[in-house]
Protein chains: 2
Amino acid sequence: MSLKYALLGFLTTEPASGYQIAQEFGDSMGWFWYASHSQIHPELQRLAARGLVTSEVSDTDGRGTRVYSITPAGEAELKEWLAAETEYPPVRDPERIRLIFADMLEPADIRAHLEQHRKHHEALLDGYLAQLREVLRGTFPRLRKRLAARPRQSHQLVAGLKVLALQGNVDRARSEIAWAEDALLWLNSIEAAERADGC
Amino acid sequence: MSLKYALLGFLTTEPASGYQIAQEFGDSMGWFWYASHSQIHPELQRLAARGLVTSEVSDTDGRGTRVYSITPAGEAELKEWLAAETEYPPVRDPERIRLIFADMLEPADIRAHLEQHRKHHEALLDGYLAQLREVLRGTFPRLRKRLAARPRQSHQLVAGLKVLALQGNVDRARSEIAWAEDALLWLNSIEAAERADGC
DNA sequence: GAACCCATGTAAGTTGTTACATGATTGA
DNA sequence: TCAATCATGTAACAACTTACATGGGTTC
């Protein structure tokens, strides 16, 4: 049930509409926690019903956008969750489980999977690095907003944590890419041995 | 829908009961794909209804254990899935999302999370390394069974893929541990700066 | 006026968790 | 005989996905 807290956390930076949140949870925020709009809207309604957020229909854009703000009760519940121990979900890795049974495939098909794996994590890495650059340059919009609402002596901590999280994802992506490349080299040697064996 | 294929894959090594599968999916197999018995039993029933597995009540143990075996249709569907492109699930990282909002916590609470993170991945690493040692020594039971059922010239591939998958998990765990350690060092410097600031 | 973005929602279905329920066998 | 392990299941619920549905505003 982390979506709830991801939403509350998001709203501690600034009030936002469901649409706006959905955009970011499919974009920059989605690098940490993805959610679709059809999950976000009902969850915001539940949070409002529990008094953890309030909502107002804004007239400024003439479109009747519903803007959510976090309440003190919401902040309290968020802090409680932040301090609590993380419950790590069980491992479910669709690529590794495939690899284990991939001995039923031709080496060429295994190669395709490893190349896809590298490509997938290269795309993630590009996203992480782009965001990391913006954060380090101080041009990342959501971080600027978050810093603006906080005392100067906490700025190092706020920005540092964001960098840390991104750096962790960068490391992870690089580790997956390096692994896939090693795996491809190993596969070459297997294929060479197979050809030498004469088939 | 990978559980289905994880079960079919499991049964390509040897026929097994739901209980046996549940043990391994919470244990060695669980390092790649965890599932509980209450999910496994109904799924096996569905697979049996679709003719992808057959089941027989074994009398040998006097306990009426239901043993499932994969059918040619099941193997065909498994191979199809193995060759298909992996659909990577969206990122949902309960620790990183916490970290991003952790600027609302005291540094001591952040420290506790980073230490928990390191500990969590150290525990995973221990499991991966233990299994890797067994695989490399040739004493890992399920790998022995899988090799026994396959032609000698494929042994390198079968064992190699298993090593590869484990090595990937080892790399990932090490990357998380190294990251957590760097993060703890950074947190030290933040705390030192805070104390120097005088509070 | 067609296509696209803004904006919010519901409904049906799948996947996974937690708890409940049962009964046989084994070992201390 | 008590506890643990073996063995299979169901029910209720929570989380998430996909598809459907609607309507205003903007741009070509």
# chains A, B, ... in the order shown; residues from 1 in each chain; ligands from 1
>>> closest_atom_pairs(of="chain D", to="chain B", cutoff="12 Å", atoms="only C-alpha atoms (C1' of nucleotides)", output="Markdown table")
| residue | atom | partner | partner_atom | distance |
| --- | --- | --- | --- | --- |
| D:DT5 | C1' | B:Tyr19 | CA | 11.5 |
| D:DC6 | C1' | B:Tyr19 | CA | 8.1 |
| D:DA7 | C1' | B:Tyr19 | CA | 6.3 |
| D:DT8 | C1' | B:His41 | CA | 7.6 |
| D:DG9 | C1' | B:His41 | CA | 7.6 |
| D:DT10 | C1' | B:Ser38 | CA | 9.0 |
| D:DA11 | C1' | B:Ser38 | CA | 11.1 |
| D:DC16 | C1' | B:Pro90 | CA | 11.0 |
| D:DT17 | C1' | B:Pro89 | CA | 11.3 |
>>> residues_around(residues="B:Ala112", least_positions_apart="3", cutoff="10 Å", atoms="only C-alpha atoms (C1' of nucleotides)", output="PyMOL selection string")
(chain A and resi 83-85) or (chain B and resi 107-109+115-118+184)
>>> select_by_dssp(residues="stretch 3-164 of chain A", states="alpha helix (DSSP H)", output="number ranges by chain")
A: 3-11, 18-25, 37-49, 72-83, 94-101, 107-137, 141-148, 155-164
>>> interface_residues(of="chain B", to="chain C", cutoff="12 Å", atoms="only C-alpha atoms (C1' of nucleotides)", output="ChimeraX atom specification")
/B:1-4,34-40,43,61-65
>>> residues_around(residues="B:Lys119", least_positions_apart="3", cutoff="12 Å", atoms="only C-alpha atoms (C1' of nucleotides)", output="ChimeraX atom specification")
/A:86,88 /B:112-116,122-126,173-174,176-178,180-181
>>> interface_residues(of="chain B", to="chain A", cutoff="8 Å", atoms="only C-alpha atoms", output="NGL selection string")
:B and (2 or 6 or 9 or 30-34 or 79 or 82-83 or 85-88 or 90-105 or 109-110 or 113 or 116 or 154 or 156-158 or 161-162 or 164-165 or 168 or 171-172 or 175-176 or 179 or 183 or 190)
>>> atom_distance(atom1="atom CA of B:Ile70", atom2="atom CA of B:Thr54")
6.4 Å
>>> decode(residues="stretch 128-145 of chain A", atoms="N, CA and C atoms", output="PDB file, in the first residue's frame")
ATOM      1  N   TYR A 128      17.419   8.183 -15.915  1.00  0.00           N
ATOM      2  CA  TYR A 128      17.985   8.520 -14.600  1.00  0.00           C
ATOM      3  C   TYR A 128      19.042   9.612 -14.737  1.00  0.00           C
ATOM      4  N   LEU A 129      19.929   9.441 -15.720  1.00  0.00           N
ATOM      5  CA  LEU A 129      21.033  10.396 -15.890  1.00  0.00           C
ATOM      6  C   LEU A 129      20.511  11.777 -16.280  1.00  0.00           C
ATOM      7  N   ALA A 130      19.496  11.794 -17.134  1.00  0.00           N
ATOM      8  CA  ALA A 130      18.923  13.081 -17.551  1.00  0.00           C
ATOM      9  C   ALA A 130      18.360  13.810 -16.330  1.00  0.00           C
ATOM     10  N   GLN A 131      17.651  13.042 -15.482  1.00  0.00           N
ATOM     11  CA  GLN A 131      17.058  13.660 -14.295  1.00  0.00           C
ATOM     12  C   GLN A 131      18.144  14.073 -13.303  1.00  0.00           C
ATOM     13  N   LEU A 132      19.173  13.235 -13.188  1.00  0.00           N
ATOM     14  CA  LEU A 132      20.264  13.532 -12.265  1.00  0.00           C
ATOM     15  C   LEU A 132      20.983  14.821 -12.667  1.00  0.00           C
ATOM     16  N   ARG A 133      21.207  14.989 -13.967  1.00  0.00           N
ATOM     17  CA  ARG A 133      21.840  16.221 -14.458  1.00  0.00           C
ATOM     18  C   ARG A 133      21.017  17.435 -14.069  1.00  0.00           C
ATOM     19  N   GLU A 134      19.708  17.338 -14.295  1.00  0.00           N
ATOM     20  CA  GLU A 134      18.826  18.462 -13.958  1.00  0.00           C
ATOM     21  C   GLU A 134      18.854  18.771 -12.467  1.00  0.00           C
ATOM     22  N   VAL A 135      18.863  17.716 -11.661  1.00  0.00           N
ATOM     23  CA  VAL A 135      18.886  17.916 -10.214  1.00  0.00           C
ATOM     24  C   VAL A 135      20.191  18.597  -9.796  1.00  0.00           C
ATOM     25  N   LEU A 136      21.323  18.124 -10.363  1.00  0.00           N
ATOM     26  CA  LEU A 136      22.627  18.682  -9.986  1.00  0.00           C
ATOM     27  C   LEU A 136      22.789  20.123 -10.465  1.00  0.00           C
ATOM     28  N   ARG A 137      22.172  20.424 -11.600  1.00  0.00           N
ATOM     29  CA  ARG A 137      22.208  21.796 -12.122  1.00  0.00           C
ATOM     30  C   ARG A 137      21.244  22.708 -11.379  1.00  0.00           C
ATOM     31  N   GLY A 138      20.341  22.103 -10.622  1.00  0.00           N
ATOM     32  CA  GLY A 138      19.345  22.914  -9.923  1.00  0.00           C
ATOM     33  C   GLY A 138      18.210  23.361 -10.810  1.00  0.00           C
ATOM     34  N   THR A 139      18.020  22.648 -11.924  1.00  0.00           N
ATOM     35  CA  THR A 139      16.943  23.055 -12.833  1.00  0.00           C
ATOM     36  C   THR A 139      15.752  22.107 -12.798  1.00  0.00           C
ATOM     37  N   PHE A 140      15.793  21.125 -11.902  1.00  0.00           N
ATOM     38  CA  PHE A 140      14.678  20.172 -11.853  1.00  0.00           C
ATOM     39  C   PHE A 140      13.481  20.836 -11.141  1.00  0.00           C
ATOM     40  N   PRO A 141      12.363  21.023 -11.865  1.00  0.00           N
ATOM     41  CA  PRO A 141      11.274  21.864 -11.352  1.00  0.00           C
ATOM     42  C   PRO A 141      10.723  21.425  -9.999  1.00  0.00           C
ATOM     43  N   ARG A 142      10.445  20.132  -9.838  1.00  0.00           N
ATOM     44  CA  ARG A 142       9.835  19.696  -8.581  1.00  0.00           C
ATOM     45  C   ARG A 142      10.777  19.854  -7.390  1.00  0.00           C
ATOM     46  N   LEU A 143      12.064  19.666  -7.623  1.00  0.00           N
ATOM     47  CA  LEU A 143      13.023  19.856  -6.531  1.00  0.00           C
ATOM     48  C   LEU A 143      13.099  21.337  -6.141  1.00  0.00           C
ATOM     49  N   ARG A 144      13.074  22.220  -7.151  1.00  0.00           N
ATOM     50  CA  ARG A 144      13.095  23.668  -6.869  1.00  0.00           C
ATOM     51  C   ARG A 144      11.913  24.053  -5.995  1.00  0.00           C
ATOM     52  N   LYS A 145      10.742  23.513  -6.344  1.00  0.00           N
ATOM     53  CA  LYS A 145       9.531  23.818  -5.564  1.00  0.00           C
ATOM     54  C   LYS A 145       9.666  23.308  -4.141  1.00  0.00           C
TER      55      LYS A 145
END
